[in-house]
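This report refers to the structure that appears directly beneath it.
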Amino acid sequence: MNDALQSLLDLLDLERIEEDMFRGTSDAAPLVPRVFGGQVAAQALVAAGRTVPEDRPPHSLHAYFLRPGDPGAPIVYTVDRIRDGFSFTTRRVVAVQHGQPIFHLSASFQLHEEGLEHQEPMPDVPDPLSLPTAEELLPRYEHLLAGPGVVDRMLQARAAVDLRYVDAPPYGSVGQPREPKSQVWFRTDGKLDGVADDPLLHVCLATYVSDMTLLDSVLLAHGRGGWAVGDIVGASLDHAMWFHRPFRVDDWLLYDQESPSSSGGRGLAKGRIFTADGRLAVSVIQEGVMRVPRPRPKK
């Protein structure tokens, strides 16, 4: 396990300050001065999960990003025990900074049971080990990025995760609109073992990664490079996930993403996360603010 992955695990190991109240620290997002949305979502799910019996894994979450998070201040997560039923458990989590809510999450947990089974097939994609690593890919596009140091900041932000694009990322095809689809393979950069090998933690880490690239497909439809290039101003608005089948985030997972629509300064994207052996593990939907920067008026 590398130092970056250990730091991420430490970030998700919240301090319990009351029975249903937790405190977390933050890292700044790589390209904007705010907390990465995937971190807040993952921490909120950790907080919810710590109030639920271990035999009830999460099966869905629905969340809204309300305000930008301040990376210099702790985040307090308050959990409301909405329902404890025979099969399902429901929790609501509010994340607060500086006295104001910045994030709201509802999560549902279910005791395992047998039922009907079917799923969409996994797309046919190259093997992840045949694709370039972030360290190999990002420097190729340094001349297109927003400024000096962007490559290093992006590599630092993703050092805990081995993430590999199947096709060129948005910042690699600026000015060339493409089909609004994007695919990445990902896994943690190191195995989770010992106390870290917790089924809830695997789900929370997948929640963290799910916010990294989901809006890429929106950018591709318009030939935009995104935050790394500086031709889009945006942020996540809401995020929903459904966990269908067990998975390990330290094994390769395929994140298949597409955008059905963008309008009104917003872009919608949906994703499917498959295990390497073809099982559909997670479905994801997110909407984000996607604004084209306006030139400042001349004085």
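Chain labels A, B, ... are given in the sequence in which chains occur in the structure tokens; within each chain residues are numbered consecutively from 1, and ligands are likewise numbered from 1 in the order shown.
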
Would you pick out the contacts of Pro199 of chain A at 10 Å or less, using only C-alpha atoms, so that residues sharing its chain but fewer than 4 positions from it are not included, and give the list as a VMD selection string?
chain A and resid 54 to 55 57 to 58 203 to 204 246 to 249

Expected file: the selected residues, N, CA and C atoms, as a short mmCIF file (atom, residue, chain, number, x, y, z; two decimals), in the first residue's frame:
```cif
data_model
loop_
_atom_site.label_atom_id
_atom_site.label_comp_id
_atom_site.auth_asym_id
_atom_site.auth_seq_id
_atom_site.Cartn_x
_atom_site.Cartn_y
_atom_site.Cartn_z
N GLU A 54 -23.23 -4.42 10.72
CA GLU A 54 -22.29 -4.79 9.65
C GLU A 54 -22.92 -5.72 8.61
N ASP A 55 -23.98 -6.44 8.96
CA ASP A 55 -24.59 -7.36 8.00
C ASP A 55 -25.58 -6.67 7.08
N PRO A 57 -25.14 -4.02 4.25
CA PRO A 57 -24.35 -3.13 3.41
C PRO A 57 -25.24 -2.09 2.72
N PRO A 58 -24.66 -0.96 2.30
CA PRO A 58 -25.45 0.03 1.58
C PRO A 58 -25.89 -0.49 0.21
N VAL A 203 -16.97 0.05 -0.57
CA VAL A 203 -18.08 0.82 -1.14
C VAL A 203 -17.79 2.32 -1.04
N CYS A 204 -17.27 2.75 0.10
CA CYS A 204 -16.98 4.17 0.29
C CYS A 204 -15.86 4.64 -0.64
N PRO A 246 -21.65 -7.34 -4.69
CA PRO A 246 -20.39 -7.10 -3.99
C PRO A 246 -19.22 -6.92 -4.96
N PHE A 247 -18.23 -6.16 -4.54
CA PHE A 247 -17.04 -5.93 -5.36
C PHE A 247 -15.90 -5.55 -4.43
N ARG A 248 -14.70 -5.62 -4.98
CA ARG A 248 -13.50 -5.15 -4.29
C ARG A 248 -12.90 -3.99 -5.08
N VAL A 249 -12.63 -2.91 -4.40
CA VAL A 249 -12.10 -1.74 -5.10
C VAL A 249 -10.59 -1.85 -5.29
#
```

Filtered DSSP result for segment 13-254 of chain A, state helix (DSSP H, G or I), as a PyMOL selection string:
chain A and resi 37-49+128-130+134-144+150-157+170-172+194-196+199-210+216-221

Set the distance at 12 Å and use only C-alpha atoms: which residues neighbour His202 of chain A once local chain neighbours fewer than 6 positions away are removed? I'd like the list as number ranges by chain.
A: 9, 12, 42, 45-46, 49, 57-58, 187-188, 191-193, 195-196, 208-209, 243, 246-251, 253, 281

If you run DSSP on the backbone here, which positions in segment 79-177 of chain A get strand (DSSP E)? Please write them as a compact mmCIF listing (two decimals) with C-alpha atoms, in the first residue's frame.
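part-v9.txt written:
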```
# COMPACT_ATOMS: atom_id res chain seq x y z
CA VAL A 79 -26.41 11.14 11.26
CA ASP A 80 -30.19 10.85 11.69
CA ARG A 81 -31.45 7.29 12.24
CA ILE A 82 -34.51 7.60 10.03
CA ARG A 83 -35.58 3.95 10.04
CA ASP A 84 -34.46 0.55 11.28
CA PHE A 88 -33.89 -2.12 5.36
CA THR A 89 -32.16 0.62 7.33
CA THR A 90 -32.27 4.29 6.33
CA ARG A 91 -29.91 7.06 7.39
CA ARG A 92 -29.73 10.77 6.65
CA VAL A 93 -26.43 12.64 6.96
CA VAL A 94 -25.82 16.39 6.98
CA ALA A 95 -22.26 17.68 6.57
CA VAL A 96 -21.65 21.06 8.23
CA GLN A 97 -18.82 23.58 8.02
CA GLN A 100 -23.74 25.86 7.46
CA PRO A 101 -24.72 22.63 5.70
CA ILE A 102 -22.52 21.92 2.70
CA PHE A 103 -23.79 18.44 1.78
CA HIS A 104 -26.81 16.25 2.38
CA LEU A 105 -26.96 12.47 1.91
CA SER A 106 -29.64 9.83 2.29
CA ALA A 107 -28.47 6.22 2.28
CA SER A 108 -30.30 2.92 2.49
CA PHE A 109 -28.85 -0.35 3.75
CA GLN A 110 -30.26 -3.87 3.29
CA VAL A 161 -5.98 5.27 -7.36
CA ASP A 162 -4.63 3.60 -10.48
CA LEU A 163 -6.98 5.12 -13.08
CA ARG A 164 -6.56 4.36 -16.80
CA TYR A 165 -8.55 5.86 -19.68
```

Lys270 of chain A: which residues within 8 Å, counting only C-alpha atoms, same-chain residues fewer than 2 positions away excluded, as an NGL selection string?
:A and (214 or 257-260 or 268 or 272 or 283-286)

Expected file: the selected residues, N, CA and C atoms, as a short mmCIF file (atom, residue, chain, number, x, y, z; two decimals), in the first residue's frame:
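After the write, part33.cif holds the following:
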```
data_model
loop_
_atom_site.label_atom_id
_atom_site.label_comp_id
_atom_site.auth_asym_id
_atom_site.auth_seq_id
_atom_site.Cartn_x
_atom_site.Cartn_y
_atom_site.Cartn_z
N LEU A 214 -16.91 11.25 -13.86
CA LEU A 214 -18.24 11.01 -14.39
C LEU A 214 -18.72 12.08 -15.36
N GLN A 257 -19.17 5.34 -18.77
CA GLN A 257 -19.88 6.60 -18.50
C GLN A 257 -20.40 7.21 -19.80
N GLU A 258 -21.56 7.84 -19.71
CA GLU A 258 -22.12 8.54 -20.87
C GLU A 258 -23.01 9.68 -20.41
N SER A 259 -23.24 10.63 -21.32
CA SER A 259 -24.08 11.79 -21.01
C SER A 259 -25.29 11.82 -21.94
N PRO A 260 -26.50 11.69 -21.42
CA PRO A 260 -27.69 11.76 -22.27
C PRO A 260 -28.13 13.18 -22.60
N LEU A 268 -25.77 16.25 -17.46
CA LEU A 268 -26.17 15.01 -16.80
C LEU A 268 -25.30 13.87 -17.31
N ARG A 272 -21.86 3.11 -15.20
CA ARG A 272 -22.01 1.73 -14.74
C ARG A 272 -20.63 1.22 -14.38
N SER A 283 -24.44 1.31 -10.26
CA SER A 283 -24.96 2.29 -11.22
C SER A 283 -24.87 3.68 -10.59
N VAL A 284 -24.54 4.68 -11.41
CA VAL A 284 -24.30 6.04 -10.89
C VAL A 284 -24.98 7.05 -11.81
N ILE A 285 -25.55 8.09 -11.23
CA ILE A 285 -26.07 9.23 -12.00
C ILE A 285 -25.65 10.51 -11.28
N GLN A 286 -25.21 11.48 -12.05
CA GLN A 286 -24.80 12.77 -11.48
C GLN A 286 -25.17 13.90 -12.41
#
```

Have a look at A:Arg245, A:Arg178, A:Asp20, A:Glu287 and name the one nearest to His112 of chain A; count only C-alpha atoms.
A:Arg245

Best match for closeness to Glu113 of chain A among A:Arg56, A:His98, A:Gln176, A:Leu254, counting only C-alpha atoms:
A:Arg56

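Within 12 Å of Asp152 of chain A, once only C-alpha atoms are used and residues closer than 3 positions along the same chain are dropped, the contacting residues are Pro30, Leu31, Ala134, Glu135, Leu138, Pro139, Glu142, Leu145, Gly147, Pro148, Gly149, Leu155, Gln156, Ala157, Arg158, Ala159 and Ala228 of chain A.
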
Residues from the last selection, N, CA, C and O atoms, saved as a short mmCIF file (atom, residue, chain, number, x, y, z; two decimals), in the first residue's frame:
```cif
data_model
loop_
_atom_site.label_atom_id
_atom_site.label_comp_id
_atom_site.auth_asym_id
_atom_site.auth_seq_id
_atom_site.Cartn_x
_atom_site.Cartn_y
_atom_site.Cartn_z
N PRO A 30 -7.67 19.19 -6.68
CA PRO A 30 -6.41 19.53 -7.34
C PRO A 30 -6.42 20.83 -8.13
O PRO A 30 -5.39 21.49 -8.24
N LEU A 31 -7.57 21.22 -8.68
CA LEU A 31 -7.59 22.36 -9.59
C LEU A 31 -8.46 23.51 -9.11
O LEU A 31 -8.48 24.56 -9.73
N ALA A 134 -1.61 7.00 -15.39
CA ALA A 134 -1.71 8.45 -15.33
C ALA A 134 -0.34 9.10 -15.49
O ALA A 134 -0.20 10.14 -16.13
N GLU A 135 0.69 8.48 -14.90
CA GLU A 135 2.05 9.03 -15.01
C GLU A 135 2.54 9.03 -16.45
O GLU A 135 3.33 9.90 -16.85
N LEU A 138 -0.66 11.77 -18.60
CA LEU A 138 -0.82 13.21 -18.37
C LEU A 138 0.28 14.07 -18.99
O LEU A 138 -0.02 15.11 -19.59
N PRO A 139 1.56 13.69 -18.89
CA PRO A 139 2.59 14.55 -19.48
C PRO A 139 2.43 14.75 -20.98
O PRO A 139 2.91 15.76 -21.53
N GLU A 142 0.49 18.05 -21.38
CA GLU A 142 0.86 19.17 -20.52
C GLU A 142 0.72 20.50 -21.24
O GLU A 142 0.34 21.52 -20.65
N LEU A 145 -2.84 22.01 -20.92
CA LEU A 145 -3.43 22.22 -19.61
C LEU A 145 -3.32 23.68 -19.18
O LEU A 145 -2.64 24.49 -19.80
N GLY A 147 -1.97 25.47 -16.89
CA GLY A 147 -0.78 26.20 -16.48
C GLY A 147 0.25 25.27 -15.89
O GLY A 147 0.05 24.06 -15.79
N PRO A 148 1.40 25.82 -15.47
CA PRO A 148 2.46 24.99 -14.90
C PRO A 148 2.00 24.34 -13.60
O PRO A 148 1.25 24.94 -12.82
N GLY A 149 2.41 23.13 -13.39
CA GLY A 149 2.09 22.44 -12.15
C GLY A 149 0.80 21.66 -12.17
O GLY A 149 0.51 20.92 -11.22
N LEU A 155 -1.64 14.40 -10.68
CA LEU A 155 -1.04 13.13 -10.29
C LEU A 155 -1.09 12.95 -8.78
O LEU A 155 -1.35 11.85 -8.28
N GLN A 156 -0.87 14.03 -8.05
CA GLN A 156 -0.92 13.95 -6.59
C GLN A 156 -2.33 13.61 -6.12
O GLN A 156 -2.52 12.79 -5.22
N ALA A 157 -3.35 14.23 -6.76
CA ALA A 157 -4.74 14.01 -6.35
C ALA A 157 -5.19 12.58 -6.62
O ALA A 157 -6.08 12.07 -5.94
N ARG A 158 -4.58 11.93 -7.62
CA ARG A 158 -5.01 10.58 -7.99
C ARG A 158 -3.98 9.51 -7.63
O ARG A 158 -4.06 8.38 -8.11
N ALA A 159 -3.05 9.85 -6.77
CA ALA A 159 -1.98 8.92 -6.45
C ALA A 159 -2.46 7.69 -5.72
O ALA A 159 -1.81 6.64 -5.76
N ALA A 228 -9.07 20.95 -16.06
CA ALA A 228 -7.63 20.91 -16.26
C ALA A 228 -7.18 21.89 -17.34
O ALA A 228 -6.04 22.36 -17.33
#
```

Between atom CA of Gly271 of chain A and atom CA of Ser236 of chain A, what is the distance in Å, rounded to a tenth?
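Calculated distance between atom CA of Gly271 of chain A and atom CA of Ser236 of chain A is 14.7 Å.
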
To one decimal in Å, tell me the separation between atom CA of Val32 of chain A and atom CA of Glu179 of chain A.
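It comes out at 27.0 Å.
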
What is the atom CA of Gly265 of chain A to atom CA of Val229 of chain A distance in Å?
18.3 Å

Could you name the residues that touch Gln119 of chain A at 10 Å or less, counting only C-alpha atoms, but leaving out those on the same chain fewer than 6 positions away, as a VMD selection string?
chain A and resid 244 278 to 281

Could the residues in this selection be written to a file with N, CA and C atoms, as a PDB file, in the first residue's frame?
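Written output follows (part_24.pdb):
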```pdb
ATOM      1  N   HIS A 244     -25.317  -2.884  -6.593  1.00  0.00           N
ATOM      2  CA  HIS A 244     -26.069  -4.085  -6.968  1.00  0.00           C
ATOM      3  C   HIS A 244     -25.456  -5.370  -6.439  1.00  0.00           C
ATOM      4  N   GLY A 278     -17.116  -9.131 -15.372  1.00  0.00           N
ATOM      5  CA  GLY A 278     -18.339  -8.785 -16.084  1.00  0.00           C
ATOM      6  C   GLY A 278     -19.582  -8.577 -15.255  1.00  0.00           C
ATOM      7  N   ARG A 279     -19.493  -8.581 -13.925  1.00  0.00           N
ATOM      8  CA  ARG A 279     -20.676  -8.375 -13.099  1.00  0.00           C
ATOM      9  C   ARG A 279     -20.939  -6.871 -12.942  1.00  0.00           C
ATOM     10  N   LEU A 280     -22.187  -6.461 -13.141  1.00  0.00           N
ATOM     11  CA  LEU A 280     -22.562  -5.062 -12.920  1.00  0.00           C
ATOM     12  C   LEU A 280     -22.652  -4.822 -11.415  1.00  0.00           C
ATOM     13  N   ALA A 281     -21.736  -4.017 -10.893  1.00  0.00           N
ATOM     14  CA  ALA A 281     -21.638  -3.818  -9.448  1.00  0.00           C
ATOM     15  C   ALA A 281     -22.361  -2.565  -8.975  1.00  0.00           C
TER      16      ALA A 281
END
```

Residue with smallest distance to Leu144 of chain A - pool A:Arg16, A:His62, A:Arg224, A:Arg23, counting only C-alpha atoms:
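Between A:Arg16, A:His62, A:Arg224, A:Arg23, the residue approaching Leu144 of chain A most closely is A:Arg224.
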
Just want the 9 Å neighbourhood of Leu14 of chain A, counted on only C-alpha atoms, with same-chain residues fewer than 5 positions away dropped. Output as an MDAnalysis selection string.
chainID A and resid 22:25 43 46:47

Could you save those same residues with N, CA, C and O atoms as a PDB file, in the first residue's frame?
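Dumped to result.pdb:
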```
ATOM      1  N   PHE A  22     -19.805  12.740  13.703  1.00  0.00           N
ATOM      2  CA  PHE A  22     -18.442  12.401  13.315  1.00  0.00           C
ATOM      3  C   PHE A  22     -17.745  13.642  12.759  1.00  0.00           C
ATOM      4  O   PHE A  22     -18.394  14.566  12.253  1.00  0.00           O
ATOM      5  N   ARG A  23     -16.419  13.632  12.818  1.00  0.00           N
ATOM      6  CA  ARG A  23     -15.642  14.751  12.297  1.00  0.00           C
ATOM      7  C   ARG A  23     -14.586  14.226  11.338  1.00  0.00           C
ATOM      8  O   ARG A  23     -13.903  13.237  11.615  1.00  0.00           O
ATOM      9  N   GLY A  24     -14.462  14.903  10.192  1.00  0.00           N
ATOM     10  CA  GLY A  24     -13.467  14.525   9.204  1.00  0.00           C
ATOM     11  C   GLY A  24     -12.620  15.698   8.784  1.00  0.00           C
ATOM     12  O   GLY A  24     -13.028  16.855   8.899  1.00  0.00           O
ATOM     13  N   THR A  25     -11.416  15.395   8.300  1.00  0.00           N
ATOM     14  CA  THR A  25     -10.548  16.413   7.728  1.00  0.00           C
ATOM     15  C   THR A  25     -10.652  16.346   6.206  1.00  0.00           C
ATOM     16  O   THR A  25     -11.368  15.517   5.654  1.00  0.00           O
ATOM     17  N   GLN A  43     -17.041  10.266   2.894  1.00  0.00           N
ATOM     18  CA  GLN A  43     -17.030  10.440   4.342  1.00  0.00           C
ATOM     19  C   GLN A  43     -18.439  10.367   4.921  1.00  0.00           C
ATOM     20  O   GLN A  43     -18.657   9.776   5.991  1.00  0.00           O
ATOM     21  N   VAL A  46     -19.388   6.808   5.141  1.00  0.00           N
ATOM     22  CA  VAL A  46     -18.710   6.197   6.281  1.00  0.00           C
ATOM     23  C   VAL A  46     -19.483   6.491   7.566  1.00  0.00           C
ATOM     24  O   VAL A  46     -19.741   5.593   8.384  1.00  0.00           O
ATOM     25  N   ALA A  47     -19.859   7.767   7.750  1.00  0.00           N
ATOM     26  CA  ALA A  47     -20.588   8.154   8.954  1.00  0.00           C
ATOM     27  C   ALA A  47     -21.904   7.389   9.069  1.00  0.00           C
ATOM     28  O   ALA A  47     -22.234   6.853  10.135  1.00  0.00           O
TER      29      ALA A  47
END
```

Residue among A:Ala206, A:Val292, A:Ala221, A:Leu215 lying closest to Trp252 of chain A, counting only C-alpha atoms:
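The closest residue to Trp252 of chain A is A:Ala206.
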
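Using only C-alpha atoms, the nearest neighbour of Ser182 of chain A within the list A:Tyr255, A:Leu131, A:Gly194, A:Phe86 is A:Tyr255.
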
Residue with smallest distance to Gly223 of chain A - pool A:Tyr171, A:Phe274, A:Phe186, A:Phe65, counting only C-alpha atoms
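Smallest distance to Gly223 of chain A is found for A:Tyr171.
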